[in-house]
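Reproduced below: final07.pdb, with PDB, C-alpha atoms.
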MODEL        1
ATOM      1  CA  MET A1026     103.616  84.825 110.818
ATOM      2  CA  PRO A1027     101.639  86.332 107.917
ATOM      3  CA  LEU A1028      97.980  87.033 108.560
ATOM      4  CA  PRO A1029      96.369  87.123 105.089
ATOM      5  CA  PHE A1030      92.968  88.156 106.443
ATOM      6  CA  LEU A1031      94.464  91.277 108.041
ATOM      7  CA  THR A1032      95.614  92.985 104.867
ATOM      8  CA  ALA A1033      93.732  93.509 101.673
ATOM      9  CA  ASP A1034      95.342  92.343  98.493
ATOM     10  CA  ARG A1035      97.916  94.755  97.135
ATOM     11  CA  ALA A1036      96.126  94.652  93.786
ATOM     12  CA  PHE A1037      93.261  96.732  95.236
ATOM     13  CA  ASP A1038      95.740  99.554  95.897
ATOM     14  CA  GLU A1039      97.327  99.268  92.464
ATOM     15  CA  VAL A1040      94.142  99.176  90.398
ATOM     16  CA  VAL A1041      94.390 100.853  87.021
ATOM     17  CA  ASP A1042      91.334 102.916  86.079
ATOM     18  CA  ASP A1043      90.360 100.686  83.146
ATOM     19  CA  GLN A1044      90.764  97.498  85.178
ATOM     20  CA  ALA A1045      88.312  97.384  88.096
ATOM     21  CA  LEU A1046      88.751  93.679  88.785
ATOM     22  CA  PRO A1047      92.505  92.971  88.508
ATOM     23  CA  PHE A1048      92.466  89.340  89.676
ATOM     24  CA  GLN A1049      93.114  86.089  87.871
ATOM     25  CA  ASP A1050      91.593  83.940  90.637
ATOM     26  CA  ARG A1051      88.195  85.528  91.197
ATOM     27  CA  ASP A1052      86.800  82.557  93.126
ATOM     28  CA  ARG A1053      88.827  83.471  96.198
ATOM     29  CA  TRP A1054      87.060  85.650  98.788
ATOM     30  CA  ARG A1055      88.753  89.054  99.057
ATOM     31  CA  ARG A1056      88.205  92.134 101.180
ATOM     32  CA  PRO A1057      88.577  95.218  98.944
ATOM     33  CA  TYR A1058      90.107  97.322 101.723
ATOM     34  CA  ARG A1059      92.374  97.112 104.723
ATOM     35  CA  PRO A1060      90.881  96.985 108.216
ATOM     36  CA  GLY A1061      90.729 100.425 109.769
ATOM     37  CA  PRO A1062      92.775 101.644 112.724
ATOM     38  CA  TRP A1063      89.824 101.433 115.120
ATOM     39  CA  ARG A1064      89.264  97.755 114.342
ATOM     40  CA  VAL A1065      92.969  96.889 114.464
ATOM     41  CA  GLY A1066      93.417  98.868 117.699
ATOM     42  CA  ALA A1067      90.524  97.081 119.376
ATOM     43  CA  ALA A1068      91.922  93.707 118.306
ATOM     44  CA  ALA A1069      95.372  94.683 119.618
ATOM     45  CA  ILE A1070      93.912  95.630 122.990
ATOM     46  CA  LEU A1071      92.067  92.305 123.129
ATOM     47  CA  LEU A1072      95.278  90.436 122.334
ATOM     48  CA  LEU A1073      97.093  92.398 125.049
ATOM     49  CA  LEU A1074      94.365  91.430 127.504
ATOM     50  CA  ALA A1075      94.697  87.807 126.386
ATOM     51  CA  SER A1076      98.430  87.863 127.104
ATOM     52  CA  TYR A1077      97.774  89.014 130.666
ATOM     53  CA  VAL A1078      95.128  86.332 131.108
ATOM     54  CA  LEU A1079      97.567  83.690 129.810
ATOM     55  CA  VAL A1080     100.198  84.821 132.321
ATOM     56  CA  ALA A1081      97.550  84.654 135.037
ATOM     57  CA  ALA A1082      96.618  81.140 133.871
ATOM     58  CA  VAL A1083     100.215  79.992 134.267
ATOM     59  CA  ILE A1084     100.510  81.573 137.723
ATOM     60  CA  ILE A1085      97.212  80.055 138.861
ATOM     61  CA  ALA A1086      98.144  76.631 137.485
ATOM     62  CA  VAL A1087     101.524  76.682 139.259
ATOM     63  CA  ALA A1088     100.373  78.196 142.546
ATOM     64  CA  GLY A1089      96.801  77.003 142.731
ATOM     65  CA  THR A1090      94.726  74.315 141.134
ATOM     66  CA  LEU A1091      95.213  72.988 137.655
ATOM     67  CA  SER A1092      91.483  73.220 136.877
ATOM     68  CA  ALA A1093      91.363  76.954 137.719
ATOM     69  CA  GLY A1094      94.386  77.501 135.463
ATOM     70  CA  ALA A1095      92.630  75.604 132.679
ATOM     71  CA  VAL A1096      89.538  77.820 133.041
ATOM     72  CA  CYS A1097      91.740  80.905 132.843
ATOM     73  CA  PHE A1098      93.491  79.457 129.776
ATOM     74  CA  GLY A1099      90.077  78.837 128.166
ATOM     75  CA  VAL A1100      89.100  82.472 128.795
ATOM     76  CA  ALA A1101      92.337  83.597 127.111
ATOM     77  CA  LEU A1102      91.585  81.425 124.067
ATOM     78  CA  LEU A1103      88.092  82.922 123.879
ATOM     79  CA  VAL A1104      89.523  86.460 123.942
ATOM     80  CA  ILE A1105      92.032  85.542 121.201
ATOM     81  CA  ALA A1106      89.235  84.063 119.078
ATOM     82  CA  CYS A1107      87.202  87.269 119.547
ATOM     83  CA  ALA A1108      90.159  89.412 118.462
ATOM     84  CA  LEU A1109      90.691  87.332 115.329
ATOM     85  CA  ARG A1110      86.999  87.383 114.486
ATOM     86  CA  LEU A1111      86.948  91.158 114.932
ATOM     87  CA  LEU A1112      89.676  91.417 112.284
ATOM     88  CA  ARG A1113      87.636  89.344 109.800
ATOM     89  CA  VAL A1114      84.520  91.533 110.064
ATOM     90  CA  GLY A1115      83.718  93.391 106.857
ATOM     91  CA  THR A1116      82.574  93.029 103.270
ATOM     92  CA  TRP A1117      84.156  90.349 101.079
ATOM     93  CA  VAL A1118      83.699  89.729  97.345
ATOM     94  CA  SER A1119      84.334  86.836  94.974
ATOM     95  CA  ALA A1120      82.942  85.411  91.753
ATOM     96  CA  ARG A1121      80.368  83.525  93.826
ATOM     97  CA  GLY A1122      78.817  86.575  95.451
ATOM     98  CA  LEU A1123      79.101  89.214  98.100
ATOM     99  CA  ARG A1124      79.664  88.289 101.725
ATOM    100  CA  ARG A1125      78.936  90.403 104.807
ATOM    101  CA  VAL A1126      80.979  89.038 107.703
ATOM    102  CA  GLY A1127      79.697  90.156 111.088
ATOM    103  CA  PHE A1128      81.067  89.389 114.506
ATOM    104  CA  LEU A1129      78.564  86.583 115.103
ATOM    105  CA  VAL A1130      76.860  86.023 111.734
ATOM    106  CA  THR A1131      78.120  85.740 108.155
ATOM    107  CA  ARG A1132      75.701  86.187 105.283
ATOM    108  CA  THR A1133      76.446  85.541 101.624
ATOM    109  CA  ALA A1134      74.384  86.867  98.721
ATOM    110  CA  PRO A1135      74.988  85.174  95.359
ATOM    111  CA  TRP A1136      75.317  87.550  92.419
ATOM    112  CA  GLU A1137      72.115  86.061  90.945
ATOM    113  CA  GLN A1138      70.104  87.600  93.810
ATOM    114  CA  ILE A1139      71.760  91.033  93.606
ATOM    115  CA  VAL A1140      70.280  93.837  91.535
ATOM    116  CA  SER A1141      72.908  96.471  92.386
ATOM    117  CA  ALA A1142      75.242  97.865  94.994
ATOM    118  CA  ARG A1143      75.279 101.634  95.332
ATOM    119  CA  THR A1144      76.513 104.382  97.620
ATOM    120  CA  ILE A1145      73.920 106.679  99.159
ATOM    121  CA  GLN A1146      73.884 109.552 101.646
ATOM    122  CA  GLN A1147      71.971 108.688 104.795
ATOM    123  CA  PRO A1148      72.264 108.772 108.583
ATOM    124  CA  VAL A1149      74.745 106.072 109.589
ATOM    125  CA  ARG A1150      75.772 104.661 112.945
ATOM    126  CA  TRP A1151      79.026 106.035 114.337
ATOM    127  CA  LEU A1152      81.402 103.107 115.106
ATOM    128  CA  GLY A1153      78.377 100.818 115.316
ATOM    129  CA  LEU A1154      76.999 102.678 118.335
ATOM    130  CA  PRO A1155      73.380 103.922 118.551
ATOM    131  CA  ARG A1156      74.471 107.493 117.780
ATOM    132  CA  THR A1157      73.881 108.397 114.119
ATOM    133  CA  VAL A1158      75.631 110.978 111.978
ATOM    134  CA  GLN A1159      75.206 112.007 108.357
ATOM    135  CA  GLY A1160      77.441 109.892 106.148
ATOM    136  CA  GLN A1161      77.667 107.558 103.205
ATOM    137  CA  ALA A1162      76.600 103.942 103.106
ATOM    138  CA  LEU A1163      77.122 101.207 100.551
ATOM    139  CA  VAL A1164      73.773  99.443 100.281
ATOM    140  CA  LEU A1165      72.868  96.255  98.510
ATOM    141  CA  VAL A1166      69.668  95.951  96.460
ATOM    142  CA  ARG A1167      68.506  92.339  96.237
ATOM    143  CA  LYS A1168      65.758  90.691  94.203
ATOM    144  CA  ASP A1169      64.428  88.646  97.093
ATOM    145  CA  ARG A1170      64.246  91.429  99.706
ATOM    146  CA  ALA A1171      62.511  94.780  99.953
ATOM    147  CA  PRO A1172      64.675  97.886  99.424
ATOM    148  CA  GLY A1173      66.034  99.113 102.753
ATOM    149  CA  ALA A1174      65.554  95.732 104.454
ATOM    150  CA  GLU A1175      69.277  94.988 104.335
ATOM    151  CA  PRO A1176      71.681  96.816 106.639
ATOM    152  CA  PRO A1177      74.435  98.703 104.810
ATOM    153  CA  LEU A1178      77.456  96.686 103.676
ATOM    154  CA  MET A1179      79.801  99.402 104.907
ATOM    155  CA  THR A1180      79.520 103.007 106.028
ATOM    156  CA  SER A1181      81.837 105.976 106.061
ATOM    157  CA  HIS A1182      81.725 106.024 109.880
ATOM    158  CA  ASN A1183      82.297 102.382 110.807
ATOM    159  CA  ALA A1184      85.472 101.023 112.422
ATOM    160  CA  ASP A1185      87.182 100.578 109.054
ATOM    161  CA  PHE A1186      86.535 103.982 107.499
ATOM    162  CA  LEU A1187      86.158 106.559 110.275
ATOM    163  CA  ALA A1188      88.249 109.587 109.174
ATOM    164  CA  ARG A1189      89.313 107.674 106.029
ATOM    165  CA  SER A1190      86.882 108.934 103.393
ATOM    166  CA  ASP A1191      89.262 108.187 100.502
ATOM    167  CA  ALA A1192      89.539 104.562 101.624
ATOM    168  CA  PHE A1193      85.743 104.314 101.835
ATOM    169  CA  ASP A1194      85.371 105.737  98.328
ATOM    170  CA  ARG A1195      87.927 103.273  96.905
ATOM    171  CA  ALA A1196      86.349 100.299  98.679
ATOM    172  CA  ALA A1197      82.802 101.278  97.700
ATOM    173  CA  ASP A1198      83.861 101.805  94.077
ATOM    174  CA  THR A1199      85.540  98.399  94.031
ATOM    175  CA  VAL A1200      82.493  96.601  95.446
ATOM    176  CA  GLU A1201      80.244  98.479  93.010
ATOM    177  CA  ALA A1202      82.553  97.424  90.134
ATOM    178  CA  TRP A1203      82.361  93.769  91.208
ATOM    179  CA  ALA A1204      78.573  94.036  91.412
ATOM    180  CA  ALA A1205      78.322  95.734  88.007
ATOM    181  CA  GLU A1206      80.588  93.101  86.432
ATOM    182  CA  TYR A1207      78.670  90.103  87.746
ATOM    183  CA  VAL A1208      75.154  91.540  87.566
ATOM    184  CA  ARG A1209      75.753  92.676  83.969
ATOM    185  CA  GLY A1210      77.363  89.321  83.100
ATOM    186  CA  ARG A1211      74.142  87.368  83.743
TER     187      ARG A1211
ENDMDL
END
Just give me the structure as structure tokens.
Amino acid sequence: MPLPFLTADRAFDEVVDDQALPFQDRDRWRRPYRPGPWRVGAAAILLLLASYVLVAAVIIAVAGTLSAGAVCFGVALLVIACALRLLRVGTWVSARGLRRVGFLVTRTAPWEQIVSARTIQQPVRWLGLPRTVQGQALVLVRKDRAPGAEPPLMTSHNADFLARSDAFDRAADTVEAWAAEYVRGR
């Protein structure tokens, strides 16, 4: 079964230098990079856990009470939903704006509110943990918010780009190209 949200469009990998935005259908939300191995690994472990919980639900339903099996089945569905949501986390772009998908919250900024998107050197959180290291961050400058009020869109040390600096550079350049295209086009 294909999972379109798991892989970035092939066109992002095959971008020609003079063509930063190689898409005909720019209204579709796209992630300009593939999910990193840390994110995919965590989702795989969650799905493995869900399979064990589903087996336990069947055993409990057959040997015990049906209601306890249903509770166990509900827990397995919750774990599967968490794994799928974890795979959707990231930065998405379209002709309508820029979207930051978090685990619990999704925020969309229309291009009309965006001044620029740029890469800066700053201390960034390592894998989202409280520990910070020196790295790069793609930050969004908006008209309606003070500079620095927004958390970074992506960093060189998050679950998608840890030990993948080339992938971070490509993704940041692509998001910056989308921002330049639509901010300039106003």
May I have a table of the residues of stretch 1033-1141 of chain A lying at most 7 Å from stretch 1185-1197 of chain A, giving each one's closest pair of atoms and their distance in Å to one decimal, counting all atoms listed in the file, ordered by chain and ascending residue number, as a tab-separated table?
residue	atom	partner	partner_atom	distance
A:Pro1057	CA	A:Ala1196	CA	5.6
A:Tyr1058	CA	A:Ala1196	CA	5.7
A:Pro1060	CA	A:Asp1185	CA	5.2
A:Gly1061	CA	A:Asp1185	CA	3.6
A:Pro1062	CA	A:Asp1185	CA	6.8
A:Trp1063	CA	A:Asp1185	CA	6.7
A:Arg1064	CA	A:Asp1185	CA	6.3
query: From the set A:Arg1124, A:Arg1053, A:Arg1156, A:Arg1110, which residue has the shortest atom-to-atom contact distance to A:Ile1139, counting only C-alpha atoms?
result: A:Arg1124
query: Which residues fall under the PyMOL selection byres ((chain A and resi 1164) around 12) in this file, as a ChimeraX atom specification?
result: /A:1116,1123,1125,1139-1147,1149,1161-1163,1165-1167,1172-1181,1197,1200-1201,1204
query: Which residue gives the smallest distance to A:Ser1119 among A:Asp1198, A:Ala1106, A:Gly1089, A:Arg1055, with all atoms listed in the file counted?
result: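 Between A:Asp1198, A:Ala1106, A:Gly1089, A:Arg1055, the residue approaching A:Ser1119 most closely is A:Arg1055.
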message: Between atom CA of A:Thr1157 and atom CA of A:Trp1117, what distance in Å does the model show, to one decimal?
response: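 Going from atom CA of A:Thr1157 over to atom CA of A:Trp1117 covers 24.5 Å.
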- prompt: Which polymer residues have any atom within 7 Å of an atom of A:Val1158, counting only C-alpha atoms, with same-chain residues fewer than 6 positions away left out, as a PyMOL selection string?
  reply: chain A and resi 1148-1151
Which centre and which edge lengths, in Å to one decimal, describe the axis-aligned box that holds all listed atoms of stretch 1058-1071 of chain A after 4 Å is added on each side, as lines of an AutoDock Vina configuration file?
center_x = 92.3
center_y = 97.0
center_z = 112.4
size_x = 14.1
size_y = 17.3
size_z = 29.4
message: Going by the chain IDs and residue numbers used in this file, which residues fall under the PyMOL selection byres ((chain A and resi 1075) around 8)? Write them as a PyMOL selection string.
response: chain A and resi 1071-1074+1076-1079+1101-1102+1104-1105
query: What does the distance between atom CA of A:Gly1066 and atom CA of A:Ile1085 come to in Å, to one decimal place?
result: 28.6 Å
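Atom pair atom CA of A:Trp1054 / atom CA of A:Leu1154: separated by 27.8 Å.
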- request: Return as number ranges by chain the set of residues that the PyMOL selection byres ((chain A and resi 1122) around 6) yields on the displayed structure.
  value: A: 1119-1121, 1123, 1134-1136
Within 12 Å of (90.5, 79.0, 135.6) (coordinates as in the file), grab all the protein and nucleic acid residues, counting all atoms listed in the file, and write them out as a PDB file with C-alpha atoms, in the coordinates of the input.
ATOM      1  CA  VAL A1078      95.128  86.332 131.108  1.00  0.00           C
ATOM      2  CA  LEU A1079      97.567  83.690 129.810  1.00  0.00           C
ATOM      3  CA  VAL A1080     100.198  84.821 132.321  1.00  0.00           C
ATOM      4  CA  ALA A1081      97.550  84.654 135.037  1.00  0.00           C
ATOM      5  CA  ALA A1082      96.618  81.140 133.871  1.00  0.00           C
ATOM      6  CA  VAL A1083     100.215  79.992 134.267  1.00  0.00           C
ATOM      7  CA  ILE A1084     100.510  81.573 137.723  1.00  0.00           C
ATOM      8  CA  ILE A1085      97.212  80.055 138.861  1.00  0.00           C
ATOM      9  CA  ALA A1086      98.144  76.631 137.485  1.00  0.00           C
ATOM     10  CA  VAL A1087     101.524  76.682 139.259  1.00  0.00           C
ATOM     11  CA  GLY A1089      96.801  77.003 142.731  1.00  0.00           C
ATOM     12  CA  THR A1090      94.726  74.315 141.134  1.00  0.00           C
ATOM     13  CA  LEU A1091      95.213  72.988 137.655  1.00  0.00           C
ATOM     14  CA  SER A1092      91.483  73.220 136.877  1.00  0.00           C
ATOM     15  CA  ALA A1093      91.363  76.954 137.719  1.00  0.00           C
ATOM     16  CA  GLY A1094      94.386  77.501 135.463  1.00  0.00           C
ATOM     17  CA  ALA A1095      92.630  75.604 132.679  1.00  0.00           C
ATOM     18  CA  VAL A1096      89.538  77.820 133.041  1.00  0.00           C
ATOM     19  CA  CYS A1097      91.740  80.905 132.843  1.00  0.00           C
ATOM     20  CA  PHE A1098      93.491  79.457 129.776  1.00  0.00           C
ATOM     21  CA  GLY A1099      90.077  78.837 128.166  1.00  0.00           C
ATOM     22  CA  VAL A1100      89.100  82.472 128.795  1.00  0.00           C
ATOM     23  CA  ALA A1101      92.337  83.597 127.111  1.00  0.00           C
ATOM     24  CA  LEU A1102      91.585  81.425 124.067  1.00  0.00           C
TER      25      LEU A1102
END
- request: Find the residue from A:Leu1112, A:Thr1131, A:Val1118, A:Cys1107 that sits nearest to A:Thr1199; use all atoms listed in the file when measuring.
  value: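 The answer is A:Val1118, which sits nearest to A:Thr1199.
The smallest atom-to-atom distance between A:Asp1169 and any of A:Gln1138, A:Ile1070, A:Gly1153, A:Ala1184, using only C-alpha atoms, is found for A:Gln1138.
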query: For A:Leu1109, which residue out of A:Ala1067, A:Leu1152, A:Ala1171, A:Ala1088 is the nearest one, using only C-alpha atoms?
result: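 Looking at the shortest contact to A:Leu1109, the residue is A:Ala1067.
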